[in-house]
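Quick notes on the structure that follows.
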Amino acid sequence: MYLEISNPMDYHVALYIRLSKEDENEGPSQSVTNQKSLLNEFIQQHRLSVYDTYIDDSWSGTSFDRPDFQRMIGDIEAKKVNMVITKDLSRLGRDYIMTGHYMERYFPEKRVRYISLLDGIDTGVESTANDITPFRAIMNDMYAKDISKKIKSVKRDKQRKGQFIGRKPMYGYKMHPTEKNKIVIDEEMAPIVRRIFAMTLDGMSCRKIAATLNEEGVPTPATYCGWNMGRKGPYAGLWSSERISEMLQNETYLGNMKRIWAIWFKNKQSRSATSPRSV
């Protein structure tokens with residue numbers, strides 16, 4: 001890094017840090033701590049004054065609707081920041097159109113100097129690194145799209161094999177203690193699921209089943225997972241006929257994980273054929 005700041009006292013710096021979930025798999029060099037250390041080292045070397053540090057952890061670079069990025073933009077609009085520094089251009093964003101918009105239009109219009117340390121980009125000076133910035137932005141965009149396709153492919157392959165890829169198992173199941181993408185019966189909640197199916201076979205309606213469970217104080221799926229903590233309202237923590245109906249139609253309770261994926265994929269293809277938008 002051979003960037004020079006001839007008038008450091010003129011700047012109020014925003015240090016911007018971003019880490020996406022995909023970047024976590026690339027090693028510690030992409031970590032938030034590493035980015036922060038690199039940026040702070042540059043700040044100390046050049047005696048710059050930091051207004052604030054903005055961190056978007058686990059946010060994709062393909063979208064600019066990130067909480068701290070938008071907070072930084074707000075501070076730029078309020079004229080509190082006139083220099084933005086990132087580790088590299090991909091931290092700013094991976095959508096080359098929007099990245100170009102901020103670098104070529106927004107920052108210059110707001111008189112904000114942008115510096116990307118590892119790329120050698122500095123909009124405050126003339127350099128060959130600045131000239132090839134559009135190409136870097138395009139490559140970052142292509143990388144993001146390639147990663148997205150690979151992730152979708154891996155997920156579909158797991159679904160075909162009947163593996164579980166959801167964030168939380170459905171009521172009555174839990175994640176396998178050692179095997180990834182595998183769910184096992186939750187013996188604590190399984191009796192409730194079996195009872196719901198048994199009451200249905202006895203001819204009880206979904207509304208009557210929900211009322212019975214509520215009368216007995218049986219925890220709902222959301223309550224069991226802790227999702228109702230702090231939630232208020234007359235129906236918070238209560239079973240509903242809709243919830244019972246969803247459970248009765250969920251073929252996971254029959255062990256049909258592969259069939260569920262097949263139905264989902266077929267429906268998705270059908271929607272794609274009838275919709276002008278790509279899914």
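Chain lettering (A, B, ...) mirrors the order of the structure tokens, residue numbering begins at 1 for each chain separately, and ligand numbering begins at 1 in order of display.
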
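Taking only C-alpha atoms, the non-local environment of Asp88 (chain A) within 8 Å (same-chain residues fewer than 4 positions away omitted) comprises Leu92, Ser116, Leu117, Leu118 and Asp119 of chain A.
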
Would you put the residues from that selection into a file with N, CA, C and O atoms, as a CSV table (one decimal), in the first residue's frame?
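The new file again-v9.csv reads:
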chain,number,residue,atom,x,y,z
A,92,LEU,N,-16.9,-3.1,-0.6
A,92,LEU,CA,-17.9,-2.0,-0.9
A,92,LEU,C,-19.1,-2.7,-1.5
A,92,LEU,O,-20.2,-2.3,-1.1
A,116,SER,N,-9.5,2.0,-1.6
A,116,SER,CA,-9.5,0.6,-1.4
A,116,SER,C,-8.1,0.1,-1.2
A,116,SER,O,-7.3,0.2,-2.2
A,117,LEU,N,-7.7,-0.3,-0.1
A,117,LEU,CA,-6.3,-0.5,0.3
A,117,LEU,C,-5.6,-1.6,-0.6
A,117,LEU,O,-4.6,-1.3,-1.2
A,118,LEU,N,-6.2,-2.8,-0.6
A,118,LEU,CA,-5.5,-3.9,-1.4
A,118,LEU,C,-5.5,-3.7,-2.9
A,118,LEU,O,-4.6,-4.2,-3.6
A,119,ASP,N,-6.5,-3.0,-3.4
A,119,ASP,CA,-6.5,-2.7,-4.8
A,119,ASP,C,-5.7,-1.5,-5.2
A,119,ASP,O,-5.5,-1.3,-6.4

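Our summary of the geometry notes that CA of Glu187 (chain A) is positioned 24.1 Å from CA of Met204 (chain A).
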
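Nearest residue to Gly74 (chain A), choosing from A:Thr220, A:Ala14, A:Ser37, A:Tyr173 and counting only C-alpha atoms: A:Ala14.
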
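Counting only C-alpha atoms, the residue from A:Thr86, A:Thr33, A:Thr178, A:Thr212 that sits nearest to Leu15 (chain A) is A:Thr86.
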
Residue with the minimum atom-to-atom distance to Glu242 (chain A), picked from A:Thr223, A:Asn40, A:Gln35, A:Ser205 with only C-alpha atoms counted, is A:Ser205

Residue contacts of Arg194 (chain A) (10 Å, only C-alpha atoms) excluding same-chain residues fewer than 6 positions away, as a PyMOL selection string: chain A and resi 172+200+253

CA of Pro221 (chain A) to CA of Leu248 (chain A) measures 13.9 Å

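Non-sequential neighbours of Arg243 (chain A) (distance at most 9 Å, separation of 4 or more positions within a chain, only C-alpha atoms) are Cys206, Ala210, Trp239, Met247 and Leu248 of chain A.
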
Pull all heavy atoms from the residues just selected and write them as a PDB file, in the first residue's frame.
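So again-v2.pdb came out as:
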ATOM      1  N   CYS A 206     -59.497 -29.664  12.917  1.00  0.00           N
ATOM      2  CA  CYS A 206     -58.268 -28.931  13.254  1.00  0.00           C
ATOM      3  C   CYS A 206     -58.545 -27.884  14.327  1.00  0.00           C
ATOM      4  O   CYS A 206     -57.719 -27.655  15.220  1.00  0.00           O
ATOM      5  CB  CYS A 206     -57.700 -28.263  11.997  1.00  0.00           C
ATOM      6  SG  CYS A 206     -57.067 -29.424  10.758  1.00  0.00           S
ATOM      7  N   ALA A 210     -56.755 -27.802  18.020  1.00  0.00           N
ATOM      8  CA  ALA A 210     -56.040 -26.608  18.494  1.00  0.00           C
ATOM      9  C   ALA A 210     -56.593 -26.152  19.834  1.00  0.00           C
ATOM     10  O   ALA A 210     -55.832 -25.807  20.753  1.00  0.00           O
ATOM     11  CB  ALA A 210     -56.161 -25.493  17.456  1.00  0.00           C
ATOM     12  N   TRP A 239     -52.088 -22.385  19.782  1.00  0.00           N
ATOM     13  CA  TRP A 239     -52.269 -23.219  18.597  1.00  0.00           C
ATOM     14  C   TRP A 239     -53.415 -22.650  17.759  1.00  0.00           C
ATOM     15  O   TRP A 239     -54.364 -22.070  18.288  1.00  0.00           O
ATOM     16  CB  TRP A 239     -52.608 -24.659  18.988  1.00  0.00           C
ATOM     17  CG  TRP A 239     -51.468 -25.418  19.574  1.00  0.00           C
ATOM     18  CD1 TRP A 239     -51.106 -25.508  20.889  1.00  0.00           C
ATOM     19  CD2 TRP A 239     -50.530 -26.224  18.844  1.00  0.00           C
ATOM     20  NE1 TRP A 239     -49.999 -26.304  21.040  1.00  0.00           N
ATOM     21  CE2 TRP A 239     -49.628 -26.772  19.794  1.00  0.00           C
ATOM     22  CE3 TRP A 239     -50.356 -26.557  17.504  1.00  0.00           C
ATOM     23  CZ2 TRP A 239     -48.573 -27.603  19.449  1.00  0.00           C
ATOM     24  CZ3 TRP A 239     -49.317 -27.387  17.132  1.00  0.00           C
ATOM     25  CH2 TRP A 239     -48.439 -27.900  18.088  1.00  0.00           C
ATOM     26  N   MET A 247     -49.313 -29.036   9.735  1.00  0.00           N
ATOM     27  CA  MET A 247     -48.600 -30.206  10.240  1.00  0.00           C
ATOM     28  C   MET A 247     -49.146 -31.490   9.620  1.00  0.00           C
ATOM     29  O   MET A 247     -48.381 -32.393   9.237  1.00  0.00           O
ATOM     30  CB  MET A 247     -48.714 -30.265  11.764  1.00  0.00           C
ATOM     31  CG  MET A 247     -47.922 -29.192  12.484  1.00  0.00           C
ATOM     32  SD  MET A 247     -48.073 -29.312  14.289  1.00  0.00           S
ATOM     33  CE  MET A 247     -47.303 -30.911  14.588  1.00  0.00           C
ATOM     34  N   LEU A 248     -50.454 -31.572   9.480  1.00  0.00           N
ATOM     35  CA  LEU A 248     -51.068 -32.774   8.931  1.00  0.00           C
ATOM     36  C   LEU A 248     -50.715 -32.979   7.459  1.00  0.00           C
ATOM     37  O   LEU A 248     -50.707 -34.109   6.964  1.00  0.00           O
ATOM     38  CB  LEU A 248     -52.589 -32.699   9.092  1.00  0.00           C
ATOM     39  CG  LEU A 248     -53.111 -32.729  10.536  1.00  0.00           C
ATOM     40  CD1 LEU A 248     -54.614 -32.480  10.564  1.00  0.00           C
ATOM     41  CD2 LEU A 248     -52.765 -34.048  11.215  1.00  0.00           C
TER      42      LEU A 248
END

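Note that the spacing between CA of Asp75 (chain A) and CA of Leu19 (chain A) amounts to 21.0 Å.
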
The residue from A:His101, A:Asn181, A:Leu39, A:Arg113 with the smallest atom-to-atom distance to Asp10 (chain A), counting only C-alpha atoms, is A:Arg113

Looking only at strand (DSSP E or B) from DSSP on the backbone, list the matching residues of region 25-129 of chain A as a PyMOL selection string.
-> chain A and resi 49-57+83-86+113-116+121-122

For the selection you just gave me, I'd like the residues written to a file as a compact mmCIF listing (two decimals), in the first residue's frame, keeping N, CA and C atoms.
# COMPACT_ATOMS: atom_id res chain seq x y z
N SER A 49 -8.26 10.89 11.00
CA SER A 49 -9.26 10.92 12.06
C SER A 49 -10.48 10.10 11.63
N VAL A 50 -10.81 9.09 12.43
CA VAL A 50 -11.94 8.22 12.11
C VAL A 50 -13.21 8.77 12.73
N TYR A 51 -14.21 8.99 11.89
CA TYR A 51 -15.51 9.43 12.41
C TYR A 51 -16.26 8.25 13.00
N ASP A 52 -16.28 7.12 12.27
CA ASP A 52 -16.96 5.92 12.77
C ASP A 52 -16.55 4.71 11.94
N THR A 53 -16.77 3.53 12.51
CA THR A 53 -16.53 2.27 11.82
C THR A 53 -17.87 1.60 11.58
N TYR A 54 -18.09 1.19 10.35
CA TYR A 54 -19.37 0.62 9.94
C TYR A 54 -19.15 -0.84 9.56
N ILE A 55 -19.90 -1.74 10.18
CA ILE A 55 -19.69 -3.17 9.98
C ILE A 55 -20.99 -3.86 9.61
N ASP A 56 -20.99 -4.51 8.45
CA ASP A 56 -22.10 -5.35 8.02
C ASP A 56 -21.61 -6.79 7.98
N ASP A 57 -21.89 -7.52 9.04
CA ASP A 57 -21.44 -8.92 9.14
C ASP A 57 -22.54 -9.84 8.61
N MET A 83 -14.50 10.74 3.63
CA MET A 83 -13.57 9.73 3.13
C MET A 83 -14.07 8.36 3.56
N VAL A 84 -14.09 7.42 2.62
CA VAL A 84 -14.50 6.05 2.91
C VAL A 84 -13.34 5.12 2.56
N ILE A 85 -13.00 4.24 3.49
CA ILE A 85 -11.89 3.31 3.27
C ILE A 85 -12.39 1.88 3.48
N THR A 86 -12.07 0.99 2.53
CA THR A 86 -12.38 -0.43 2.66
C THR A 86 -11.12 -1.25 2.42
N ARG A 113 -13.84 11.07 -0.76
CA ARG A 113 -12.69 10.36 -1.31
C ARG A 113 -12.78 8.88 -0.91
N TYR A 114 -12.69 8.01 -1.90
CA TYR A 114 -12.80 6.57 -1.62
C TYR A 114 -11.44 5.89 -1.81
N ILE A 115 -11.07 5.05 -0.83
CA ILE A 115 -9.80 4.32 -0.90
C ILE A 115 -10.04 2.84 -0.66
N SER A 116 -9.53 2.02 -1.56
CA SER A 116 -9.54 0.57 -1.40
C SER A 116 -8.09 0.13 -1.23
N ILE A 121 -6.74 1.51 -5.01
CA ILE A 121 -7.66 2.50 -5.57
C ILE A 121 -7.75 3.70 -4.64
N ASP A 122 -7.62 4.89 -5.21
CA ASP A 122 -7.73 6.13 -4.44
C ASP A 122 -8.31 7.19 -5.38
